[in-house]
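A.B. asks: Input file: start00.tsv. Contents: TSV, C-alpha atoms.
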```tsv
chain	number	residue	atom	x	y	z
A	1245	MET	CA	-12.62	71.05	106.51
A	1246	PHE	CA	-15.04	70.77	103.59
A	1247	VAL	CA	-18.63	71.88	103.14
A	1248	PRO	CA	-21.19	69.38	101.74
A	1249	VAL	CA	-23.02	70.60	98.64
A	1250	VAL	CA	-26.42	69.60	97.26
A	1251	ASP	CA	-28.18	70.78	94.11
A	1252	SER	CA	-31.57	72.42	93.92
A	1253	ASN	CA	-33.23	69.00	94.16
A	1254	ASN	CA	-31.23	68.10	97.31
A	1255	ARG	CA	-29.10	65.56	95.46
A	1256	PRO	CA	-25.57	65.46	96.90
A	1257	LEU	CA	-22.63	66.81	94.91
A	1258	MET	CA	-18.91	66.81	95.62
A	1259	PRO	CA	-18.03	68.87	98.74
A	1260	THR	CA	-16.34	72.24	98.39
A	1261	THR	CA	-13.99	74.43	100.42
A	1262	PRO	CA	-15.35	76.92	102.98
A	1263	SER	CA	-13.96	79.90	101.05
A	1264	ARG	CA	-15.76	78.90	97.86
A	1265	ALA	CA	-18.95	78.23	99.80
A	1266	ARG	CA	-18.77	81.77	101.26
A	1267	ARG	CA	-18.39	83.26	97.78
A	1268	TRP	CA	-21.39	81.29	96.54
A	1269	ILE	CA	-23.53	82.46	99.46
A	1270	LYS	CA	-22.44	86.09	99.07
A	1271	SER	CA	-23.21	86.12	95.34
A	1272	GLY	CA	-26.55	84.34	95.80
A	1273	LYS	CA	-25.50	81.20	93.95
A	1274	ALA	CA	-26.06	79.06	97.05
A	1275	THR	CA	-28.19	79.00	100.20
A	1276	PRO	CA	-26.71	77.86	103.53
A	1277	PHE	CA	-28.52	75.37	105.75
A	1278	PHE	CA	-27.80	72.87	108.50
A	1279	LYS	CA	-28.40	69.15	108.04
A	1280	LYS	CA	-28.57	67.53	111.48
A	1281	GLY	CA	-25.80	69.74	112.85
A	1282	VAL	CA	-23.54	69.85	109.76
A	1283	PHE	CA	-23.26	73.08	107.77
A	1284	CYS	CA	-24.16	72.59	104.09
A	1285	VAL	CA	-24.95	74.72	101.04
A	1286	ARG	CA	-27.65	74.26	98.42
A	1287	LEU	CA	-26.91	75.50	94.91
A	1288	ASN	CA	-29.52	77.80	93.40
A	1289	VAL	CA	-28.04	77.43	89.90
A	1290	GLU	CA	-27.10	74.47	87.76
A	1291	PRO	CA	-23.62	73.19	88.72
A	1292	SER	CA	-20.83	73.66	86.20
A	1293	ASN	CA	-20.28	69.88	86.11
A	1294	ARG	CA	-21.46	66.74	87.84
A	1295	ASN	CA	-18.20	64.83	87.96
A	1296	TYR	CA	-17.97	62.56	90.98
A	1297	GLN	CA	-15.01	61.01	92.73
A	1298	PRO	CA	-15.41	57.67	94.55
A	1299	ILE	CA	-16.27	58.31	98.20
A	1300	ALA	CA	-16.14	55.61	100.87
A	1301	ILE	CA	-17.64	55.56	104.35
A	1302	GLY	CA	-15.67	53.54	106.88
A	1303	ILE	CA	-17.72	52.15	109.77
A	1304	ASP	CA	-16.21	50.87	113.01
A	1305	PRO	CA	-19.07	49.35	115.09
A	1306	GLY	CA	-18.84	49.23	118.87
A	1307	SER	CA	-20.87	48.52	121.98
A	1308	LYS	CA	-20.54	52.01	123.50
A	1309	ARG	CA	-19.00	54.23	120.80
A	1310	GLU	CA	-18.81	53.94	117.03
A	1311	GLY	CA	-16.76	55.63	114.33
A	1312	PHE	CA	-17.74	56.83	110.84
A	1313	THR	CA	-15.38	58.41	108.30
A	1314	VAL	CA	-16.31	59.94	104.93
A	1315	LYS	CA	-13.26	59.90	102.65
A	1316	SER	CA	-12.23	60.15	99.01
A	1317	ARG	CA	-8.82	59.51	97.52
A	1318	SER	CA	-7.89	63.20	97.89
A	1319	HIS	CA	-9.49	64.30	101.16
A	1320	THR	CA	-11.06	63.16	104.42
A	1321	TYR	CA	-14.32	65.07	104.55
A	1322	LEU	CA	-15.85	64.13	107.89
A	1323	ASN	CA	-15.17	62.05	111.00
A	1324	VAL	CA	-18.12	61.18	113.23
A	1325	GLN	CA	-18.09	59.45	116.60
A	1326	THR	CA	-21.48	58.36	117.87
A	1327	HIS	CA	-22.84	57.07	121.18
A	1328	SER	CA	-24.68	53.76	120.95
A	1329	VAL	CA	-28.35	53.32	121.82
A	1330	ASP	CA	-28.09	51.23	125.00
A	1331	TRP	CA	-31.24	52.01	126.98
A	1332	VAL	CA	-33.88	50.06	125.04
A	1333	LYS	CA	-33.39	46.85	127.03
A	1334	ASP	CA	-34.12	48.65	130.31
A	1335	HIS	CA	-37.19	50.35	128.86
A	1336	VAL	CA	-38.60	47.05	127.61
A	1337	GLU	CA	-38.04	45.50	131.04
A	1338	VAL	CA	-39.94	48.34	132.74
A	1339	ARG	CA	-42.80	47.93	130.28
A	1340	ARG	CA	-42.93	44.18	130.95
A	1341	ASN	CA	-42.95	44.69	134.72
A	1342	MET	CA	-45.75	47.24	134.48
A	1343	ARG	CA	-47.85	44.91	132.34
A	1344	ARG	CA	-47.33	42.03	134.78
A	1345	ALA	CA	-48.19	44.24	137.74
A	1346	ARG	CA	-51.48	45.24	136.14
A	1347	ARG	CA	-52.50	41.61	135.90
A	1348	PHE	CA	-52.36	41.27	139.70
A	1349	ARG	CA	-54.55	44.31	140.28
A	1350	LYS	CA	-58.30	44.42	139.85
A	1351	THR	CA	-58.12	46.44	136.66
A	1352	PRO	CA	-59.33	45.61	133.15
A	1353	CYS	CA	-56.55	44.04	131.09
A	1354	ARG	CA	-56.25	41.84	128.06
A	1355	GLN	CA	-55.48	38.18	128.36
A	1356	ASN	CA	-51.91	37.03	127.89
A	1357	ARG	CA	-51.33	36.11	124.26
A	1358	GLY	CA	-49.60	32.95	123.19
A	1359	LEU	CA	-46.24	32.84	121.48
A	1360	ARG	CA	-47.03	33.88	117.91
A	1361	LEU	CA	-43.50	34.29	116.54
A	1362	VAL	CA	-42.18	30.85	117.36
A	1363	ASN	CA	-41.51	29.98	113.69
A	1364	PHE	CA	-40.42	33.45	112.55
A	1365	PRO	CA	-37.01	35.12	112.87
A	1366	LYS	CA	-37.17	37.71	115.61
A	1367	LEU	CA	-34.80	40.57	116.26
A	1368	PRO	CA	-34.80	41.71	119.92
A	1369	PRO	CA	-35.81	45.37	120.40
A	1370	SER	CA	-32.48	46.36	121.95
A	1371	THR	CA	-30.48	44.80	119.10
A	1372	LYS	CA	-32.76	46.27	116.45
A	1373	ALA	CA	-32.47	49.74	117.96
A	1374	ARG	CA	-28.67	49.55	117.88
A	1375	TRP	CA	-28.50	48.62	114.20
A	1376	GLN	CA	-31.25	51.06	113.26
A	1377	TRP	CA	-29.17	53.82	114.85
A	1378	LYS	CA	-26.19	52.89	112.64
A	1379	LEU	CA	-28.43	52.87	109.58
A	1380	ARG	CA	-29.85	56.28	110.50
A	1381	ILE	CA	-26.35	57.75	110.63
A	1382	CYS	CA	-25.51	56.19	107.25
A	1383	LYS	CA	-28.65	57.61	105.63
A	1384	TRP	CA	-27.80	61.03	107.02
A	1385	LEU	CA	-24.32	60.89	105.49
A	1386	VAL	CA	-25.64	59.59	102.16
A	1387	SER	CA	-28.03	62.56	101.97
A	1388	ILE	CA	-25.14	65.08	101.94
A	1389	PHE	CA	-22.29	63.11	100.30
A	1390	PRO	CA	-22.31	61.13	97.00
A	1391	VAL	CA	-21.28	57.88	98.66
A	1392	THR	CA	-19.97	55.05	96.50
A	1393	VAL	CA	-19.23	52.28	98.99
A	1394	PHE	CA	-19.53	51.36	102.67
A	1395	VAL	CA	-16.54	49.61	104.26
A	1396	VAL	CA	-17.61	47.92	107.51
A	1397	GLU	CA	-15.55	46.05	110.07
A	1398	ASP	CA	-17.32	42.70	110.24
A	1399	ILE	CA	-17.99	41.67	113.82
A	1400	LYS	CA	-18.72	38.04	114.66
A	1401	ALA	CA	-20.57	36.50	117.56
A	1402	LYS	CA	-19.21	33.65	119.62
A	1403	THR	CA	-20.62	30.49	118.04
A	1404	TRP	CA	-19.28	27.93	120.50
A	1405	LYS	CA	-19.60	27.36	124.22
A	1406	ASN	CA	-17.99	24.66	126.39
A	1407	GLY	CA	-16.73	22.85	123.32
A	1408	ARG	CA	-20.14	22.79	121.64
A	1409	LYS	CA	-20.82	24.68	118.45
A	1410	TRP	CA	-24.01	26.71	118.25
A	1411	ASN	CA	-26.00	27.89	115.28
A	1412	VAL	CA	-24.84	31.41	114.38
A	1413	MET	CA	-28.44	32.45	113.75
A	1414	PHE	CA	-29.15	32.01	117.46
A	1415	SER	CA	-27.11	35.15	118.08
A	1416	PRO	CA	-29.05	38.44	117.89
A	1417	LEU	CA	-25.77	40.05	116.89
A	1418	GLU	CA	-25.52	37.96	113.74
A	1419	VAL	CA	-29.18	38.48	112.84
A	1420	GLY	CA	-28.95	42.25	113.37
A	1421	LYS	CA	-25.72	42.47	111.39
A	1422	GLN	CA	-27.18	40.69	108.38
A	1423	TRP	CA	-30.24	42.96	108.48
A	1424	PHE	CA	-27.94	46.00	108.59
A	1425	TYR	CA	-25.92	44.77	105.63
A	1426	SER	CA	-29.03	44.18	103.55
A	1427	GLU	CA	-30.18	47.75	104.22
A	1428	LEU	CA	-26.76	49.21	103.37
A	1429	ARG	CA	-26.72	47.44	100.01
A	1430	GLN	CA	-29.82	49.42	99.06
A	1431	LEU	CA	-27.88	52.67	99.60
A	1432	ALA	CA	-24.49	51.84	98.01
A	1433	ASN	CA	-22.00	49.03	97.52
A	1434	LEU	CA	-20.83	47.15	100.59
A	1435	GLU	CA	-17.37	45.86	101.52
A	1436	THR	CA	-16.50	44.07	104.77
A	1437	ARG	CA	-13.20	43.69	106.59
A	1438	THR	CA	-12.30	41.53	109.56
A	1439	GLY	CA	-10.88	42.93	112.76
A	1440	ASN	CA	-7.51	41.37	111.89
A	1441	ASN	CA	-7.49	43.18	108.54
A	1442	THR	CA	-8.10	46.50	110.29
A	1443	TYR	CA	-5.35	45.82	112.82
A	1444	ASP	CA	-2.81	44.84	110.16
A	1445	GLU	CA	-3.61	47.92	108.08
A	1446	ARG	CA	-3.32	50.17	111.12
A	1447	GLN	CA	0.04	48.65	112.03
A	1448	THR	CA	1.31	49.06	108.47
A	1449	LEU	CA	0.48	52.78	108.56
A	1450	GLY	CA	2.02	53.17	112.00
A	1451	LEU	CA	-1.20	54.37	113.65
A	1452	LYS	CA	-2.09	53.69	117.27
A	1453	LYS	CA	-5.52	53.23	118.78
A	1454	SER	CA	-6.32	54.73	122.17
A	1455	LYS	CA	-7.07	52.35	125.03
A	1456	ASN	CA	-9.67	54.78	126.37
A	1457	LYS	CA	-12.64	53.70	124.28
A	1458	LEU	CA	-14.98	56.31	125.75
A	1459	SER	CA	-12.85	59.35	124.90
A	1460	ASN	CA	-13.98	61.75	122.18
A	1461	THR	CA	-10.68	61.73	120.29
A	1462	PHE	CA	-9.79	60.62	116.78
A	1463	ASN	CA	-7.65	57.74	118.04
A	1464	ALA	CA	-10.54	56.17	119.98
A	1465	HIS	CA	-12.71	54.87	117.11
A	1466	CYS	CA	-12.41	57.14	114.08
A	1467	VAL	CA	-8.85	55.94	113.48
A	1468	ASP	CA	-10.26	52.51	112.62
A	1469	SER	CA	-13.05	53.92	110.47
A	1470	TRP	CA	-10.45	56.04	108.63
A	1471	VAL	CA	-8.25	52.98	108.09
A	1472	LEU	CA	-11.23	51.03	106.73
A	1473	ALA	CA	-12.13	53.78	104.25
A	1474	ASN	CA	-8.50	54.32	103.24
A	1475	SER	CA	-7.93	50.59	102.73
A	1476	PHE	CA	-10.51	50.62	99.95
A	1477	ILE	CA	-10.22	54.11	98.49
A	1478	GLY	CA	-6.49	54.72	99.10
A	1479	GLY	CA	-4.71	58.05	98.72
A	1480	HIS	CA	-3.06	58.63	102.13
A	1481	ILE	CA	-0.47	57.14	104.44
A	1482	ARG	CA	-1.41	59.50	107.30
A	1483	PRO	CA	-4.81	60.95	108.32
A	1484	ASP	CA	-5.15	64.38	106.71
A	1485	ASN	CA	-8.11	65.39	108.90
A	1486	THR	CA	-8.41	64.31	112.55
A	1487	MET	CA	-11.22	66.68	113.53
A	1488	LEU	CA	-14.46	64.96	114.50
A	1489	ILE	CA	-17.97	65.67	115.63
A	1490	GLU	CA	-19.61	63.70	118.44
A	1491	VAL	CA	-23.21	62.65	117.87
A	1492	ILE	CA	-25.32	61.67	120.89
A	1493	PRO	CA	-28.82	60.20	120.36
A	1494	LEU	CA	-31.68	61.65	122.38
A	1495	GLU	CA	-33.44	59.29	124.77
A	1496	PHE	CA	-37.21	59.55	124.56
A	1497	HIS	CA	-39.56	58.01	127.12
A	1498	ARG	CA	-42.45	56.60	125.15
A	1499	ARG	CA	-46.04	57.05	126.26
A	1500	GLN	CA	-46.99	54.89	129.24
A	1501	LEU	CA	-50.37	54.35	130.82
A	1502	HIS	CA	-49.06	55.82	134.05
A	1503	ARG	CA	-46.02	55.88	136.29
A	1504	LEU	CA	-44.77	52.63	137.75
A	1505	GLN	CA	-45.09	53.84	141.35
A	1506	HIS	CA	-48.19	55.70	142.48
A	1507	GLN	CA	-48.09	58.96	144.44
A	1508	ALA	CA	-49.96	59.97	147.60
A	1509	GLY	CA	-53.62	59.06	147.38
A	1510	HIS	CA	-52.86	56.17	144.99
A	1511	ILE	CA	-52.71	58.59	142.06
A	1512	ARG	CA	-50.77	57.48	139.01
A	1513	PRO	CA	-50.15	60.54	136.79
A	1514	ARG	CA	-49.39	60.43	133.07
A	1515	TYR	CA	-45.84	59.75	131.96
A	1516	GLY	CA	-43.88	59.82	128.72
A	1517	GLY	CA	-44.88	60.73	125.21
A	1518	THR	CA	-43.24	62.34	122.20
A	1519	LEU	CA	-45.22	65.59	122.08
A	1520	SER	CA	-44.69	68.53	124.43
A	1521	ALA	CA	-47.33	71.25	124.17
A	1522	GLY	CA	-47.45	71.01	120.38
A	1523	PHE	CA	-43.70	70.50	119.87
A	1524	LYS	CA	-42.20	67.15	118.99
A	1525	ARG	CA	-39.62	66.25	121.61
A	1526	GLY	CA	-36.07	66.86	120.50
A	1527	SER	CA	-37.11	69.66	118.15
A	1528	VAL	CA	-34.65	72.51	117.78
A	1529	VAL	CA	-36.21	75.84	118.76
A	1530	LYS	CA	-35.03	79.38	119.32
A	1531	HIS	CA	-36.01	80.86	122.68
A	1532	SER	CA	-36.04	84.56	123.44
A	1533	LYS	CA	-33.78	84.05	126.48
A	1534	TYR	CA	-31.89	80.77	126.03
A	1535	GLY	CA	-31.29	80.98	122.28
A	1536	PHE	CA	-30.93	77.76	120.31
A	1537	CYS	CA	-31.94	74.66	122.32
A	1538	TYR	CA	-34.12	71.58	122.03
A	1539	VAL	CA	-37.44	70.62	123.57
A	1540	GLY	CA	-37.74	68.13	126.43
A	1541	GLY	CA	-40.82	67.28	128.51
A	1542	TRP	CA	-43.80	69.39	129.53
A	1543	GLN	CA	-45.90	69.99	132.61
A	1544	GLU	CA	-49.05	71.82	133.59
A	1545	SER	CA	-48.84	74.98	135.65
A	1546	PRO	CA	-48.94	74.20	139.40
A	1547	THR	CA	-51.03	77.29	140.18
A	1548	LYS	CA	-54.82	77.12	140.12
A	1549	LYS	CA	-55.00	80.40	138.23
A	1550	ASP	CA	-53.15	78.97	135.25
A	1551	SER	CA	-54.05	75.32	135.72
A	1552	LYS	CA	-54.58	74.79	131.99
A	1553	ARG	CA	-51.34	76.45	130.91
A	1554	LYS	CA	-48.60	74.10	129.76
A	1555	THR	CA	-44.88	74.83	130.03
A	1556	ILE	CA	-42.01	72.94	128.40
A	1557	SER	CA	-38.43	72.18	129.42
A	1558	LEU	CA	-35.52	73.30	127.25
A	1559	HIS	CA	-32.12	71.63	126.99
A	1560	SER	CA	-28.71	72.71	125.74
A	1561	LEU	CA	-27.75	71.48	122.28
A	1562	ARG	CA	-24.12	71.01	123.30
A	1563	THR	CA	-24.30	69.40	126.74
A	1564	GLY	CA	-27.91	68.19	126.97
A	1565	LYS	CA	-28.23	69.96	130.33
A	1566	ARG	CA	-31.71	71.20	131.18
A	1567	LEU	CA	-31.90	74.98	130.98
A	1568	CYS	CA	-35.41	75.52	132.37
A	1569	GLN	CA	-38.73	73.78	133.01
A	1570	ASN	CA	-41.15	76.68	132.68
A	1571	ALA	CA	-40.65	77.96	129.14
A	1572	LEU	CA	-43.81	79.08	127.37
A	1573	PRO	CA	-44.46	77.51	123.95
A	1574	THR	CA	-45.29	80.97	122.59
A	1575	ASP	CA	-41.75	82.14	123.38
A	1576	CYS	CA	-40.19	79.36	121.25
A	1577	LYS	CA	-39.76	79.46	117.47
A	1578	PHE	CA	-39.65	76.05	115.84
A	1579	LEU	CA	-36.62	75.48	113.57
A	1580	SER	CA	-36.34	71.78	112.75
A	1581	TYR	CA	-36.95	68.26	113.99
A	1582	ASN	CA	-34.03	66.52	115.67
A	1583	LEU	CA	-33.15	63.01	116.85
A	1584	TRP	CA	-29.67	63.67	118.25
A	1585	ARG	CA	-27.42	66.43	119.46
A	1586	ILE	CA	-23.93	67.39	118.38
A	1587	ALA	CA	-21.57	67.53	121.36
A	1588	GLY	CA	-18.48	68.89	119.56
```
What's the structure tokens form of this structure?
C.D. replies:
Amino acid sequence: MFVPVVDSNNRPLMPTTPSRARRWIKSGKATPFFKKGVFCVRLNVEPSNRNYQPIAIGIDPGSKREGFTVKSRSHTYLNVQTHSVDWVKDHVEVRRNMRRARRFRKTPCRQNRGLRLVNFPKLPPSTKARWQWKLRICKWLVSIFPVTVFVVEDIKAKTWKNGRKWNVMFSPLEVGKQWFYSELRQLANLETRTGNNTYDERQTLGLKKSKNKLSNTFNAHCVDSWVLANSFIGGHIRPDNTMLIEVIPLEFHRRQLHRLQHQAGHIRPRYGGTLSAGFKRGSVVKHSKYGFCYVGGWQESPTKKDSKRKTISLHSLRTGKRLCQNALPTDCKFLSYNLWRIAG
């Protein structure tokens, strides 16, 4: 295991060993901090040198799970397996159904607009959210490692059907992929490999990929991301670090006018939002009883005596399980904003 290092201006340097990081912290040369769940150190003095080794990030995209590996020629620094963002399509459908239902009721509503994007390339919200999630992970890794190149397994959409060839730009997958590549080129160099290249390289090294794609093991997805990084950067014939962290994005319910189904008395209460009694949802806080956790939703006190008091729900950082629903905001100390949780 290695510890990412940044200078006093938060510019990434070459990672160091845990023992050296402890000596730096003890002597006051460095300050420890967490960057989205990864332990890092920030140098308080000018580094002895700024020599960099080429570092590659291998990316294995997937529909449910994805693998990321940060590797140099000498060491494998980090393996990350992420869960894909797969709920946007359902949220958009609920929003559309609610809007259509309002048009049948005797309530004020805007007129239906015409199709304004007929001559413009459009990326569906679900596809855009998936590729934005990959880009967010890449930006996180670039902020703590001096990345030289991204090596991505190039996925291709099916461009023919029933013997007829279709335009590849009709596929949201192709459009989203090209957008993702253009954003990656602004961060570092970009190299692509086909699925056949990854398979051949994995067979040459004698590595096997697990058939259980949803397992949180190195052989599920990170083995391919490691092979992709090693194919460009070289240095190993066997993975030297198979430990990984599992990153799970937090699902936020955006602000809606009201719930889809009304309650007794035809009352439609508020629903959704990204703020909970002054805290941004997903924020990491420290509670006097539950310790480190993150903020979920909020509700008003059910008693008439404290009708204006708001309580928030707290969730476990490891499992995402709700710990309580009646935590007082005054008992929580804000630590940092958060968009995902680290499962292991």
A.B. asks: Point out the residue among A:Thr1261, A:Ser1307, A:Gln1505, A:Gln1543 with the least atom-to-atom distance to Ser1520 in chain A, counting all atoms listed in the file.
C.D. replies: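 Comparing A:Thr1261, A:Ser1307, A:Gln1505, A:Gln1543 against Ser1520 in chain A, the winner is A:Gln1543.
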A.B. asks: With only C-alpha atoms as the counted atoms, please give the residues lying no more than 8 Å from Leu1458 in chain A, apart from itself and same-chain residues fewer than 2 positions off, as a list in words.
C.D. replies: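 Listing them by chain and then by number gives Lys1308, Arg1309, Asn1456, Asn1460 and Ala1464 of chain A.
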A.B. asks: Would you mind exporting C-alpha atoms of the selected residues as an mmCIF file, in the frame of the given file?
C.D. replies:
```cif
data_model
loop_
_atom_site.group_PDB
_atom_site.id
_atom_site.type_symbol
_atom_site.label_atom_id
_atom_site.label_comp_id
_atom_site.auth_asym_id
_atom_site.auth_seq_id
_atom_site.Cartn_x
_atom_site.Cartn_y
_atom_site.Cartn_z
ATOM 1 C CA LYS A 1308 -20.540 52.010 123.500
ATOM 2 C CA ARG A 1309 -19.000 54.230 120.800
ATOM 3 C CA ASN A 1456 -9.670 54.780 126.370
ATOM 4 C CA ASN A 1460 -13.980 61.750 122.180
ATOM 5 C CA ALA A 1464 -10.540 56.170 119.980
#
```
A.B. asks: Please identify all polymer residues within 10 Å of Ala1274 in chain A, counting all atoms listed in the file, omitting same-chain residues fewer than 3 positions from it, and present them as a compact mmCIF listing (two decimals) with C-alpha atoms, in the coordinates of the input.
C.D. replies:
```txt
# COMPACT_ATOMS: atom_id res chain seq x y z
CA VAL A 1249 -23.02 70.60 98.64
CA VAL A 1250 -26.42 69.60 97.26
CA ASP A 1251 -28.18 70.78 94.11
CA SER A 1252 -31.57 72.42 93.92
CA ALA A 1265 -18.95 78.23 99.80
CA ARG A 1266 -18.77 81.77 101.26
CA ARG A 1267 -18.39 83.26 97.78
CA TRP A 1268 -21.39 81.29 96.54
CA ILE A 1269 -23.53 82.46 99.46
CA LYS A 1270 -22.44 86.09 99.07
CA SER A 1271 -23.21 86.12 95.34
CA PHE A 1277 -28.52 75.37 105.75
CA CYS A 1284 -24.16 72.59 104.09
CA VAL A 1285 -24.95 74.72 101.04
CA ARG A 1286 -27.65 74.26 98.42
CA LEU A 1287 -26.91 75.50 94.91
CA ASN A 1288 -29.52 77.80 93.40
CA VAL A 1289 -28.04 77.43 89.90
```
A.B. asks: Could you give me, as a ChimeraX atom specification, the residues within 7 Å of Leu1561 in chain A, counting all atoms listed in the file and dropping anything in the same chain fewer than 5 positions from it?
C.D. replies: /A:1537-1538,1585-1586
A.B. asks: If you take every atom of range 1296-1315 of chain A that the file lists and fit an axis-aligned box around them with 6 Å extra on each side, what centre and edge lengths come out in Å to one decimal, as lines of an AutoDock Vina configuration file?
C.D. replies:
```
center_x = -17.1
center_y = 55.5
center_z = 107.2
size_x = 19.6
size_y = 26.0
size_z = 44.5
```
A.B. asks: Write out as a VMD selection string the residues lying within 7 Å of range 1428-1439 of chain A, counting only C-alpha atoms and excluding same-chain residues fewer than 2 positions away.
C.D. replies: chain A and resid 1391 to 1398 1424 to 1426 1441 to 1443
A.B. asks: Using all atoms listed in the file, which protein or nucleic acid residues come within 10 Å of Ser1454 in chain A? Drop anything in the same chain fewer than 5 positions from it, and give the result as a short mmCIF file (atom, residue, chain, number, x, y, z; two decimals) with C-alpha atoms, in the frame of the given file.
C.D. replies:
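File selection10.cif, as written:
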```cif
data_model
loop_
_atom_site.label_atom_id
_atom_site.label_comp_id
_atom_site.auth_asym_id
_atom_site.auth_seq_id
_atom_site.Cartn_x
_atom_site.Cartn_y
_atom_site.Cartn_z
CA SER A 1459 -12.85 59.35 124.90
CA THR A 1461 -10.68 61.73 120.29
CA PHE A 1462 -9.79 60.62 116.78
CA ASN A 1463 -7.65 57.74 118.04
CA ALA A 1464 -10.54 56.17 119.98
CA HIS A 1465 -12.71 54.87 117.11
CA VAL A 1467 -8.85 55.94 113.48
#
```
A.B. asks: I'd like to know which of A:Lys1333, A:Lys1421, A:Arg1512, A:Arg1482 is closest to Pro1368 in chain A, using all atoms listed in the file.
C.D. replies: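 Once distances to Pro1368 in chain A are computed over all atoms listed in the file, the minimum belongs to A:Lys1333.
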A.B. asks: Go through A:Met1258, A:Val1539, A:Glu1310, A:Gly1478 and flag the residue nearest Asn1293 in chain A, using all atoms listed in the file for the distances.
C.D. replies: A:Met1258
A.B. asks: For CA of Pro1513 in chain A and CA of Arg1525 in chain A, determine how far apart the two atoms are, in Å to one decimal place.
C.D. replies: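 We find that CA of Pro1513 in chain A and CA of Arg1525 in chain A lie 19.3 Å from each other.
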A.B. asks: Counting only C-alpha atoms, which of A:Val1332, A:Ala1508, A:Leu1359, A:Leu1385 gets nearest to Ala1373 in chain A?
C.D. replies: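 Looking only at the distances to Ala1373 in chain A, the closest residue turns out to be A:Val1332.
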A.B. asks: Mind giving me the straight-line distance from CA of Phe1283 in chain A to CA of Leu1519 in chain A in Å, one decimal?
C.D. replies: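 Atom-to-atom, CA of Phe1283 in chain A and CA of Leu1519 in chain A are spaced 27.3 Å apart.
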A.B. asks: Rank A:Asn1582, A:Gly1541, A:Asp1304, A:Leu1501 by their smallest atom-to-atom distance to Gln1569 in chain A, using all atoms listed in the file, and report the top residue only.
C.D. replies: A:Gly1541
A.B. asks: Using only C-alpha atoms, which of the listed residues (A:Glu1427, A:Met1342, A:Asn1356, A:Pro1390) sits closest to Gln1376 in chain A?
C.D. replies: A:Glu1427
A.B. asks: One number please: CA of Glu1290 in chain A to CA of Tyr1581 in chain A, in Å, one decimal.
C.D. replies: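 Interatomic distance, CA of Glu1290 in chain A to CA of Tyr1581 in chain A: 28.7 Å.
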A.B. asks: Select, counting all atoms listed in the file, all protein, DNA and RNA residues no farther than 10 Å from (-14.7, 69.5, 101.2) in file coordinates, and express the selection as a ChimeraX atom specification.
C.D. replies: /A:1245-1249,1258-1262,1265,1315-1316,1318-1322,1389
A.B. asks: Please reconstruct the missing atoms of range 1468-1480 of chain A (target: N, CA and C atoms) and return them as a PDB file, in the coordinates of the input.
C.D. replies:
```
ATOM      1  N   ASP A1468      -9.931  53.757 113.304  1.00  0.00           N
ATOM      2  CA  ASP A1468     -10.260  52.510 112.620  1.00  0.00           C
ATOM      3  C   ASP A1468     -11.181  52.743 111.434  1.00  0.00           C
ATOM      4  N   SER A1469     -12.164  53.622 111.594  1.00  0.00           N
ATOM      5  CA  SER A1469     -13.050  53.920 110.470  1.00  0.00           C
ATOM      6  C   SER A1469     -12.287  54.583 109.333  1.00  0.00           C
ATOM      7  N   TRP A1470     -11.286  55.420 109.673  1.00  0.00           N
ATOM      8  CA  TRP A1470     -10.450  56.040 108.630  1.00  0.00           C
ATOM      9  C   TRP A1470      -9.614  54.977 107.920  1.00  0.00           C
ATOM     10  N   VAL A1471      -9.053  54.050 108.679  1.00  0.00           N
ATOM     11  CA  VAL A1471      -8.250  52.980 108.090  1.00  0.00           C
ATOM     12  C   VAL A1471      -9.106  52.122 107.165  1.00  0.00           C
ATOM     13  N   LEU A1472     -10.344  51.842 107.566  1.00  0.00           N
ATOM     14  CA  LEU A1472     -11.230  51.030 106.730  1.00  0.00           C
ATOM     15  C   LEU A1472     -11.527  51.743 105.406  1.00  0.00           C
ATOM     16  N   ALA A1473     -11.845  53.042 105.476  1.00  0.00           N
ATOM     17  CA  ALA A1473     -12.130  53.780 104.250  1.00  0.00           C
ATOM     18  C   ALA A1473     -10.880  53.905 103.382  1.00  0.00           C
ATOM     19  N   ASN A1474      -9.736  54.150 103.999  1.00  0.00           N
ATOM     20  CA  ASN A1474      -8.500  54.320 103.240  1.00  0.00           C
ATOM     21  C   ASN A1474      -8.030  53.012 102.622  1.00  0.00           C
ATOM     22  N   SER A1475      -8.349  51.887 103.271  1.00  0.00           N
ATOM     23  CA  SER A1475      -7.930  50.590 102.730  1.00  0.00           C
ATOM     24  C   SER A1475      -8.616  50.301 101.397  1.00  0.00           C
ATOM     25  N   PHE A1476      -9.792  50.856 101.198  1.00  0.00           N
ATOM     26  CA  PHE A1476     -10.510  50.620  99.950  1.00  0.00           C
ATOM     27  C   PHE A1476     -10.260  51.736  98.934  1.00  0.00           C
ATOM     28  N   ILE A1477     -10.287  52.978  99.402  1.00  0.00           N
ATOM     29  CA  ILE A1477     -10.220  54.110  98.490  1.00  0.00           C
ATOM     30  C   ILE A1477      -8.793  54.568  98.244  1.00  0.00           C
ATOM     31  N   GLY A1478      -7.888  54.349  99.253  1.00  0.00           N
ATOM     32  CA  GLY A1478      -6.490  54.720  99.100  1.00  0.00           C
ATOM     33  C   GLY A1478      -6.271  56.231  99.133  1.00  0.00           C
ATOM     34  N   GLY A1479      -5.020  56.632  98.863  1.00  0.00           N
ATOM     35  CA  GLY A1479      -4.710  58.050  98.720  1.00  0.00           C
ATOM     36  C   GLY A1479      -3.860  58.636  99.823  1.00  0.00           C
ATOM     37  N   HIS A1480      -3.797  58.039 101.022  1.00  0.00           N
ATOM     38  CA  HIS A1480      -3.060  58.630 102.130  1.00  0.00           C
ATOM     39  C   HIS A1480      -2.302  57.546 102.901  1.00  0.00           C
TER      40      HIS A1480
END
```
